[in-house]
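Dumped structure_8.txt below, it's compact mmCIF, C-alpha atoms:
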# COMPACT_ATOMS: atom_id res chain seq x y z
CA MET A 182 -114.40 61.28 -22.46
CA SER A 183 -117.12 59.03 -21.12
CA GLY A 184 -117.44 58.47 -17.41
CA VAL A 185 -117.28 60.81 -14.45
CA PRO A 186 -117.70 64.48 -15.48
CA LEU A 187 -114.46 66.24 -16.36
CA LEU A 188 -114.96 68.85 -13.66
CA VAL A 189 -115.14 66.19 -10.91
CA VAL A 190 -111.89 64.56 -12.05
CA VAL A 191 -110.08 67.93 -12.26
CA ALA A 192 -111.36 68.90 -8.80
CA ALA A 193 -110.21 65.51 -7.47
CA LEU A 194 -106.76 66.03 -9.02
CA VAL A 195 -106.44 69.45 -7.35
CA TRP A 196 -107.57 67.98 -4.02
CA VAL A 197 -105.09 65.07 -4.17
CA THR A 198 -102.30 67.53 -5.04
CA VAL A 199 -103.17 69.49 -1.89
CA LEU A 200 -103.11 66.20 0.06
CA VAL A 201 -99.63 65.41 -1.35
CA ILE A 202 -98.36 68.79 -0.10
CA VAL A 203 -99.85 68.14 3.36
CA GLY A 204 -98.31 64.66 3.25
CA VAL A 205 -94.86 66.15 2.64
CA LEU A 206 -95.45 68.40 5.69
CA ALA A 207 -96.36 65.26 7.71
CA LEU A 208 -93.15 63.63 6.48
CA LEU A 209 -91.07 66.60 7.65
CA ARG A 210 -92.91 66.81 10.97
CA GLY A 211 -92.49 63.13 11.99
CA ARG A 212 -90.98 62.76 15.47
CA ASP A 213 -89.55 59.30 14.91
CA VAL A 214 -87.92 57.63 11.91
CA LEU A 215 -90.76 55.07 11.86
CA GLN A 216 -93.38 57.82 11.77
CA ARG A 217 -91.54 59.28 8.78
CA LEU A 218 -91.62 55.85 7.16
CA ILE A 219 -95.41 55.74 7.67
CA ALA A 220 -95.77 59.20 6.11
CA LEU A 221 -93.60 58.09 3.15
CA ASP A 222 -95.81 55.04 2.59
CA LEU A 223 -98.90 57.26 2.73
CA LEU A 224 -97.26 59.62 0.20
CA ALA A 225 -96.71 56.71 -2.20
CA VAL A 226 -100.43 55.83 -1.91
CA LEU A 227 -101.37 59.45 -2.65
CA VAL A 228 -99.16 59.45 -5.76
CA VAL A 229 -100.82 56.18 -6.88
CA ALA A 230 -104.21 57.88 -6.56
CA LEU A 231 -102.84 60.88 -8.50
CA LEU A 232 -101.64 58.63 -11.34
CA ALA A 233 -105.00 56.84 -11.46
CA LEU A 234 -106.87 60.15 -11.69
CA LEU A 235 -104.50 61.36 -14.42
CA SER A 236 -105.17 58.19 -16.38
CA TYR A 237 -108.95 58.77 -16.09
CA LEU A 238 -108.53 62.40 -17.20
CA ARG A 239 -106.41 61.74 -20.28
CA ASP A 240 -107.83 58.26 -21.03
CA VAL A 241 -104.33 56.73 -21.14
CA PRO A 242 -104.40 53.28 -19.43
CA HIS A 243 -100.60 53.08 -19.24
CA TYR A 244 -100.38 55.60 -16.38
CA LEU A 245 -101.95 52.86 -14.24
CA ASP A 246 -98.97 50.64 -15.13
CA ALA A 247 -96.77 53.20 -13.42
CA ALA A 248 -99.18 53.19 -10.46
CA VAL A 249 -98.90 49.39 -10.05
CA ALA A 250 -95.09 49.56 -10.32
CA LEU A 251 -95.05 52.33 -7.69
CA THR A 252 -97.22 50.21 -5.36
CA LEU A 253 -94.80 47.28 -5.58
CA LEU A 254 -91.68 49.48 -5.30
CA SER A 255 -93.00 51.31 -2.24
CA PHE A 256 -93.86 47.92 -0.67
CA VAL A 257 -90.30 46.63 -1.17
CA ALA A 258 -88.80 49.93 0.06
CA THR A 259 -90.99 49.97 3.19
CA VAL A 260 -90.25 46.35 4.11
CA ALA A 261 -86.50 46.78 3.52
CA ALA A 262 -86.35 49.98 5.59
CA ALA A 263 -88.42 48.44 8.41
CA ARG A 264 -86.21 45.35 8.54
CA TYR A 265 -83.12 47.55 8.57
CA LEU A 266 -84.52 49.59 11.45
CA ALA A 267 -85.61 46.49 13.39
CA THR A 268 -82.26 44.68 13.30
CA GLY A 269 -79.97 47.71 13.43
CA GLY A 270 -77.96 46.91 10.33
CA PRO A 271 -78.12 45.29 6.90
CA LEU A 272 -75.50 42.65 7.71
CA GLU A 273 -76.99 41.36 10.95
CA MET B 285 -106.55 17.61 -9.16
CA ILE B 286 -109.14 20.41 -8.98
CA GLY B 287 -106.71 22.42 -6.90
CA ILE B 288 -103.97 22.13 -9.53
CA VAL B 289 -106.34 23.18 -12.36
CA LEU B 290 -107.55 26.10 -10.25
CA ARG B 291 -104.00 27.31 -9.59
CA VAL B 292 -103.16 27.16 -13.32
CA VAL B 293 -106.33 29.08 -14.23
CA VAL B 294 -105.76 31.78 -11.60
CA LEU B 295 -102.11 32.30 -12.60
CA ALA B 296 -103.00 32.39 -16.32
CA GLY B 297 -105.77 34.90 -15.54
CA LEU B 298 -103.29 37.14 -13.71
CA TYR B 299 -100.94 36.93 -16.72
CA LEU B 300 -103.77 37.90 -19.09
CA LEU B 301 -104.65 40.86 -16.82
CA VAL B 302 -101.04 42.05 -16.95
CA VAL B 303 -100.79 41.87 -20.75
CA SER B 304 -104.50 42.93 -20.98
CA SER B 305 -105.39 40.98 -24.10
CA VAL B 306 -107.29 37.75 -24.81
CA LYS B 307 -105.67 36.76 -28.09
CA LEU B 308 -105.19 33.02 -28.63
CA GLY B 309 -101.38 33.24 -28.48
CA ASP B 310 -101.41 35.19 -25.20
CA VAL B 311 -103.82 32.67 -23.63
CA ALA B 312 -101.57 29.78 -24.75
CA ILE B 313 -98.38 31.43 -23.39
CA GLY B 314 -100.18 32.22 -20.12
CA LEU B 315 -101.36 28.62 -19.70
CA VAL B 316 -97.86 27.24 -20.44
CA LEU B 317 -96.16 29.64 -18.00
CA ALA B 318 -98.77 28.96 -15.30
CA SER B 319 -98.44 25.17 -15.66
CA LEU B 320 -94.63 25.47 -15.42
CA VAL B 321 -94.89 27.51 -12.19
CA VAL B 322 -97.49 25.13 -10.69
CA ALA B 323 -95.42 22.04 -11.66
CA VAL B 324 -92.29 23.45 -10.01
CA GLY B 325 -94.27 24.41 -6.90
CA HIS B 326 -96.04 21.03 -6.79
CA ARG B 327 -92.79 19.07 -6.68
CA ARG B 328 -91.74 20.91 -3.50
CA ARG B 329 -95.07 20.26 -1.78
CA ALA B 330 -95.32 17.07 0.25
CA ALA B 331 -98.94 15.92 0.03
CA SER B 332 -101.88 17.30 -1.92
CA ARG B 333 -105.40 17.30 -0.59
CA SER B 334 -108.26 15.21 -1.93
CA ASP B 335 -110.85 16.59 -4.36
CA SER B 336 -113.79 16.53 -1.94
CA SER B 337 -111.94 18.62 0.66
CA THR B 338 -110.90 21.09 -2.07
CA VAL B 339 -114.53 21.51 -3.13
CA ARG B 340 -115.58 21.95 0.52
CA ARG B 341 -112.93 24.65 0.99
CA LEU B 342 -113.96 26.41 -2.23
CA ALA B 343 -117.56 26.53 -0.97
CA GLY B 344 -116.36 28.66 1.96
CA VAL B 345 -114.60 31.26 -0.20
CA PRO B 346 -117.68 33.53 -0.76
CA ALA B 347 -118.28 33.71 3.00
CA LEU B 348 -114.58 34.53 3.56
CA VAL B 349 -114.45 37.33 0.95
CA GLY B 350 -117.88 38.77 1.77
CA GLY B 351 -117.36 38.61 5.52
CA THR B 352 -113.95 40.26 5.21
CA LEU B 353 -115.52 43.06 3.13
CA VAL B 354 -118.13 43.61 5.86
CA ASP B 355 -115.32 43.67 8.45
CA VAL B 356 -113.37 46.22 6.39
CA VAL B 357 -116.38 48.56 6.15
CA THR B 358 -117.32 48.37 9.85
CA SER B 359 -113.73 48.73 11.08
CA SER B 360 -113.12 51.64 8.67
CA ALA B 361 -116.05 53.43 10.31
CA GLU B 362 -114.49 52.81 13.73
CA VAL B 363 -111.07 54.10 12.64
CA ILE B 364 -112.65 57.21 11.04
CA ARG B 365 -114.33 57.96 14.38
CA CYS B 366 -110.99 57.54 16.18
CA CYS B 367 -109.11 59.70 13.61
CA LEU B 368 -111.47 62.61 14.12
CA ARG B 369 -111.87 62.39 17.91
CA GLY B 370 -108.62 60.82 19.07
CA PRO B 371 -108.10 57.17 20.05
CA PRO B 372 -110.00 56.04 23.17
CA ASP B 373 -107.50 53.56 24.66
CA PRO B 374 -104.88 52.12 22.28
CA GLY B 375 -103.07 48.98 23.40
CA LEU B 376 -101.58 45.61 22.52
CA VAL B 377 -103.71 42.45 22.88
CA ARG B 378 -102.62 38.80 22.78
CA LEU B 379 -104.82 36.81 20.40
CA PRO B 380 -104.67 33.01 20.68
CA THR B 381 -105.16 31.23 17.35
CA GLY B 382 -104.67 27.66 18.53
CA PRO B 383 -102.40 25.17 16.76
CA THR B 384 -102.61 26.17 13.10
CA SER B 385 -100.76 25.64 9.82
CA PRO B 386 -98.58 28.30 8.10
CA SER B 387 -101.27 29.00 5.46
CA SER B 388 -103.83 29.54 8.21
CA PHE B 389 -101.45 31.99 9.92
CA ALA B 390 -101.06 33.84 6.61
CA ALA B 391 -104.85 34.04 6.24
CA TRP B 392 -105.17 35.37 9.82
CA GLY B 393 -102.49 37.98 9.08
CA VAL B 394 -104.00 39.23 5.82
CA ARG B 395 -107.52 39.24 7.29
CA LEU B 396 -106.42 41.24 10.36
CA GLY B 397 -104.07 43.46 8.35
CA ILE B 398 -106.56 44.55 5.68
CA THR B 399 -109.06 45.68 8.34
CA PRO B 400 -107.74 49.05 9.53
CA ASN B 401 -108.69 48.67 13.21
CA THR B 402 -106.24 45.81 13.87
CA VAL B 403 -102.49 45.77 13.15
CA VAL B 404 -100.55 42.50 13.51
CA VAL B 405 -97.43 43.37 15.52
CA ASP B 406 -95.80 40.01 16.16
CA LEU B 407 -96.58 36.31 15.86
CA ASP B 408 -95.53 33.25 17.80
CA GLU B 409 -95.95 30.14 15.66
CA GLU B 410 -94.97 27.67 18.39
CA ARG B 411 -97.51 28.87 20.91
CA GLY B 412 -100.11 29.74 18.26
CA GLU B 413 -100.49 33.36 19.29
CA LEU B 414 -100.70 36.73 17.55
CA LEU B 415 -99.83 40.08 19.11
CA VAL B 416 -102.33 42.61 17.78
CA HIS B 417 -102.61 46.37 18.30
CA VAL B 418 -106.13 47.77 18.58
CA LEU B 419 -107.36 51.33 19.13
CA ASP B 420 -109.85 50.38 21.86
CA ALA B 421 -108.20 47.90 24.24
CA HIS B 422 -110.06 48.57 27.49
CA ASP B 423 -111.80 45.18 27.07
CA PRO B 424 -109.15 42.68 25.80
CA ASP B 425 -111.42 39.65 26.37
CA GLY B 426 -114.11 41.24 24.20
CA VAL B 427 -111.57 41.76 21.39
CA ARG B 428 -110.49 38.10 21.66
CA ALA B 429 -114.08 36.84 21.60
CA GLU B 430 -114.91 39.04 18.59
CA GLN B 431 -111.92 37.79 16.59
CA ALA B 432 -112.63 34.15 17.51
CA ALA B 433 -116.22 34.58 16.27
CA ALA B 434 -114.93 36.12 13.01
CA TYR B 435 -112.57 33.16 12.56
CA GLN B 436 -115.38 30.66 13.12
CA SER B 437 -117.81 32.29 10.71
CA ARG B 438 -115.42 33.35 7.94
CA GLN B 439 -112.05 31.60 7.86
CA ARG B 440 -112.43 28.14 9.43
CA ARG B 441 -113.89 26.40 6.37
CA VAL B 442 -111.23 27.66 3.94
CA PHE B 443 -108.06 27.85 6.07
CA PRO B 444 -108.64 25.66 9.16
CA MET C 136 -128.81 53.43 -18.88
CA MET C 137 -126.01 51.07 -17.89
CA SER C 138 -123.47 53.78 -18.62
CA VAL C 139 -125.25 56.26 -16.34
CA VAL C 140 -125.32 53.72 -13.49
CA LEU C 141 -121.58 53.06 -13.94
CA ASP C 142 -120.84 56.81 -14.02
CA VAL C 143 -122.74 57.41 -10.79
CA ALA C 144 -121.08 54.40 -9.10
CA GLY C 145 -117.62 55.58 -10.23
CA GLY C 146 -118.24 59.12 -9.02
CA VAL C 147 -119.46 57.91 -5.61
CA LEU C 148 -116.46 55.58 -5.26
CA LEU C 149 -114.10 58.43 -6.22
CA VAL C 150 -115.58 60.79 -3.61
CA VAL C 151 -115.55 58.08 -0.91
CA GLY C 152 -111.92 57.20 -1.72
CA LEU C 153 -110.80 60.83 -1.57
CA LEU C 154 -112.62 61.30 1.75
CA LEU C 155 -110.89 58.21 3.16
CA LEU C 156 -107.47 59.48 1.98
CA THR C 157 -108.13 62.89 3.58
CA ILE C 158 -109.27 61.39 6.89
CA ALA C 159 -106.24 59.08 6.92
CA LEU C 160 -103.90 62.05 6.45
CA VAL C 161 -105.66 63.93 9.27
CA GLY C 162 -105.30 60.81 11.45
CA VAL C 163 -101.58 60.45 10.72
CA LEU C 164 -101.07 64.10 11.63
CA ARG C 165 -103.15 63.89 14.83
CA MET C 166 -102.51 60.42 16.30
CA PRO C 167 -99.91 60.31 19.08
CA GLY C 168 -98.09 56.96 18.76
CA THR C 169 -96.53 54.98 15.94
CA TYR C 170 -99.06 52.13 16.23
CA SER C 171 -102.03 54.50 16.22
CA GLN C 172 -100.66 56.21 13.11
CA LEU C 173 -100.44 52.79 11.48
CA HIS C 174 -104.22 52.38 11.93
CA ALA C 175 -104.83 55.70 10.15
CA GLN C 176 -102.37 54.78 7.40
CA GLY C 177 -104.12 51.43 6.95
CA LEU C 178 -107.30 53.38 6.20
CA ALA C 179 -105.56 54.95 3.18
CA THR C 180 -103.51 52.00 1.93
CA GLY C 181 -106.47 49.61 2.23
CA PRO C 182 -109.99 50.94 1.54
CA GLY C 183 -108.96 54.42 0.33
CA VAL C 184 -106.80 53.49 -2.63
CA ILE C 185 -109.05 50.52 -3.46
CA CYS C 186 -112.03 52.89 -3.79
CA VAL C 187 -110.05 55.30 -6.01
CA LEU C 188 -108.87 52.45 -8.26
CA ALA C 189 -112.35 50.87 -8.35
CA SER C 190 -113.80 54.13 -9.69
CA SER C 191 -112.13 53.15 -12.99
CA ILE C 192 -115.36 51.26 -13.84
CA ALA C 193 -116.79 54.63 -14.95
CA THR C 194 -114.25 54.94 -17.79
CA GLU C 195 -115.68 51.78 -19.48
CA ASN C 196 -112.21 51.13 -20.96
CA ALA C 197 -111.18 47.45 -20.71
CA ALA C 198 -107.45 48.17 -20.46
CA THR C 199 -107.92 50.79 -17.71
CA ILE C 200 -110.20 48.51 -15.69
CA SER C 201 -107.85 45.52 -15.98
CA TYR C 202 -104.82 47.57 -14.83
CA ALA C 203 -106.89 48.92 -11.95
CA ALA C 204 -107.86 45.34 -11.03
CA ILE C 205 -104.17 44.36 -10.90
CA GLY C 206 -103.52 47.41 -8.75
CA ILE C 207 -106.29 46.35 -6.32
CA VAL C 208 -104.95 42.76 -6.13
CA PHE C 209 -101.40 43.89 -5.37
CA THR C 210 -102.62 46.48 -2.86
CA VAL C 211 -104.65 43.88 -0.96
CA LEU C 212 -101.65 41.53 -0.88
CA THR C 213 -98.93 44.07 0.03
CA SER C 214 -100.47 46.63 2.38
CA PRO C 215 -100.95 44.26 5.38
CA VAL C 216 -97.35 43.04 5.03
CA ALA C 217 -95.93 46.58 4.93
CA ALA C 218 -97.98 47.60 7.99
CA HIS C 219 -96.83 44.46 9.85
CA ALA C 220 -93.16 45.17 8.96
CA ILE C 221 -93.40 48.70 10.38
CA ALA C 222 -95.24 47.47 13.50
CA ARG C 223 -92.63 44.76 14.15
CA ALA C 224 -89.82 47.31 13.75
CA ALA C 225 -91.58 49.56 16.28
CA ARG C 226 -91.91 46.60 18.70
CA ARG C 227 -88.20 45.71 18.34
CA ARG C 228 -87.30 49.32 19.05
CA GLY C 229 -89.27 49.15 22.28
CA ALA C 230 -92.55 50.91 21.54
CA GLY C 231 -95.86 49.84 23.01
CA GLY C 232 -95.57 48.35 26.48
CA ASP C 233 -97.10 45.28 28.05
CA PRO C 234 -99.66 43.32 26.03
CA ARG C 235 -103.02 42.68 27.65
Rewrite the structure from the file as structure tokens, please.
Amino acid sequence: MSGVPLLVVVAALVWVTVLVIVGVLALLRGRDVLQRLIALDLLAVLVVALLALLSYLRDVPHYLDAAVALTLLSFVATVAAARYLATGGPLE
Amino acid sequence: MIGIVLRVVVLAGLYLLVVSSVKLGDVAIGLVLASLVVAVGHRRRAASRSDSSTVRRLAGVPALVGGTLVDVVTSSAEVIRCCLRGPPDPGLVRLPTGPTSPSSFAAWGVRLGITPNTVVVDLDEERGELLVHVLDAHDPDGVRAEQAAAYQSRQRRVFP
Amino acid sequence: MMSVVLDVAGGVLLVVGLLLLTIALVGVLRMPGTYSQLHAQGLATGPGVICVLASSIATENAATISYAAIGIVFTVLTSPVAAHAIARAARRRGAGGDPR
């Protein structure tokens, strides 16, 4: 593989995996439902970074497709949940 | 006219990025799809701007993008400092934008939202006012002056 | 020569992006209020993930770089809107206090 040395990418993958675990702890520890929503959004970003690193490691561009889809899905999910929490119900 | 061509080219470019190929057939399909979308959107729009004003607005785009990048870097440094030491004095600040168009409001929102040290909380289109949360709100007038200066130097030429 | 420059740039961007993600996570864990956590989260969803995606220039693979470019475009367009939606929900639920 050309590009960043293999060791750096593997170390980055391990580090982002650790960050995902800490992010799950932040999700469980949130005091408020909105703080949990923030942690969930952050978790989606961490998984996008994980997919990007995996695509660099294996040289498969299509993992980044999944990353883009995850970005858009997490955006829709966050906006829908925030609207639901702001109005108090889906039918209002 | 330049604006219409520009929209078609940008949309076709996005299509080519998605399919990630530059074969002749893909380019043709992208151009056809982009012109269809622009034609449908153009019929809904009331008045289009003249060519000279479009060129003048395009000339301000590098300053807008570059200035926003500088803002992102400086405000990231500020937020990093606050993350590691704790926020000094977080609070909500009213930010007057003056009487502006919807596209200008959108530009204000994206510009303030992509810089991490400001979060747009609410907006009041009738009074031309944004409610912004900042981490260091002990000097609200300073925050307002700083954002007005950023608007003057970066955004005013493109989205007045 | 060009390839070495791209490799170094990609590596630096990767390290900067990972640092930003780490600091953002620390900020979300440490900040007291919902709005303050949003600032820390904006650090990750904006500059952090953009740096990680931009490090794709080191792979010198046209398909990878173009997908990463789409990812950057969508991130720039969506992350301010998501942060604003959460902030407005927090305001409606009565967080914050009087504006200055």
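The neighbours of Tyr244 of chain A here are the residues that come within 7 Å of it, using all atoms listed in the file and leaving out any residue fewer than 5 positions away in the same chain; they are Leu232, Ala233 and Ser236 of chain A.
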Inset, instruction - Pick out the chain C residues within 9 Å of chain A. Count all atoms listed in the file. Give them as a ChimeraX atom specification. - result: /C:138-139,141-143,145-146,149-150,153,156-157,159-160,163-164,168-169,172-173,176-177,179-180,183-184,187-188,190-196,198-200,202-203,205-207,209-210,213-214,216-228
Each residue of chain B with at least one atom at most 6 Å from chain C should appear once, together with its nearest atom pair and the corresponding distance in Å (one decimal); atoms considered: only C-alpha atoms; ordering: chain, then increasing residue number; output as JSON lines.
{"residue": "B:Leu301", "atom": "CA", "partner": "C:Ser201", "partner_atom": "CA", "distance": 5.7}
{"residue": "B:Cys367", "atom": "CA", "partner": "C:Gly162", "partner_atom": "CA", "distance": 4.5}
{"residue": "B:Leu376", "atom": "CA", "partner": "C:Pro234", "partner_atom": "CA", "distance": 4.6}
{"residue": "B:Val377", "atom": "CA", "partner": "C:Arg235", "partner_atom": "CA", "distance": 4.8}
{"residue": "B:Val394", "atom": "CA", "partner": "C:Pro215", "partner_atom": "CA", "distance": 5.9}
{"residue": "B:Gly397", "atom": "CA", "partner": "C:Pro215", "partner_atom": "CA", "distance": 4.4}
{"residue": "B:Ile398", "atom": "CA", "partner": "C:Pro215", "partner_atom": "CA", "distance": 5.6}
{"residue": "B:Pro400", "atom": "CA", "partner": "C:Gly177", "partner_atom": "CA", "distance": 5.0}
{"residue": "B:Asn401", "atom": "CA", "partner": "C:His174", "partner_atom": "CA", "distance": 5.9}
{"residue": "B:Val404", "atom": "CA", "partner": "C:His219", "partner_atom": "CA", "distance": 5.6}
{"residue": "B:Val405", "atom": "CA", "partner": "C:Ala222", "partner_atom": "CA", "distance": 5.1}
Include C-alpha atoms and write out the residues we just selected as a PDB file, keeping the file's coordinate frame.
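Contents of selection-v5.pdb, freshly written:
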ATOM      1  CA  LEU B 301    -104.650  40.860 -16.820  1.00  0.00           C
ATOM      2  CA  CYS B 367    -109.110  59.700  13.610  1.00  0.00           C
ATOM      3  CA  LEU B 376    -101.580  45.610  22.520  1.00  0.00           C
ATOM      4  CA  VAL B 377    -103.710  42.450  22.880  1.00  0.00           C
ATOM      5  CA  VAL B 394    -104.000  39.230   5.820  1.00  0.00           C
ATOM      6  CA  GLY B 397    -104.070  43.460   8.350  1.00  0.00           C
ATOM      7  CA  ILE B 398    -106.560  44.550   5.680  1.00  0.00           C
ATOM      8  CA  PRO B 400    -107.740  49.050   9.530  1.00  0.00           C
ATOM      9  CA  ASN B 401    -108.690  48.670  13.210  1.00  0.00           C
ATOM     10  CA  VAL B 404    -100.550  42.500  13.510  1.00  0.00           C
ATOM     11  CA  VAL B 405     -97.430  43.370  15.520  1.00  0.00           C
TER      12      VAL B 405
END
With a cut-off of 12 Å, could you pull out the residues of chain B touching chain A and give me the nearest pair of atoms for each, distance in Å to one decimal, using all atoms listed in the file, ordered by chain and ascending number, as a Markdown table?
| residue | atom | partner | partner_atom | distance |
| --- | --- | --- | --- | --- |
| B:Leu301 | CA | A:Asp246 | CA | 11.4 |
| B:Val302 | CA | A:Asp246 | CA | 9.0 |
| B:Val303 | CA | A:Asp246 | CA | 10.6 |
| B:Ser304 | CA | A:Pro242 | CA | 10.5 |
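A straight line drawn from atom CA of Ala361 of chain B to atom CA of Leu414 of chain B is 23.8 Å long.
Take atom CA of Leu298 of chain B and atom CA of Ile313 of chain B: the distance between them is 12.3 Å.
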Inset, instruction - May I have the protein, DNA and RNA residues with any atom at most 9 Å from the point (-104.7, 37.7, 11.3), counting all atoms listed in the file, written as number ranges by chain? - result: B: 381, 388-397, 402-404, 414, 416, 431
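Taking atom CA of Thr352 of chain B as the reference point, atom CA of Ala434 of chain B is found at 8.9 Å.
Counting only C-alpha atoms and comparing B:Leu368, B:Ala318, B:Val345, B:Val339, the residue that lies closest to Leu300 of chain B is B:Ala318.
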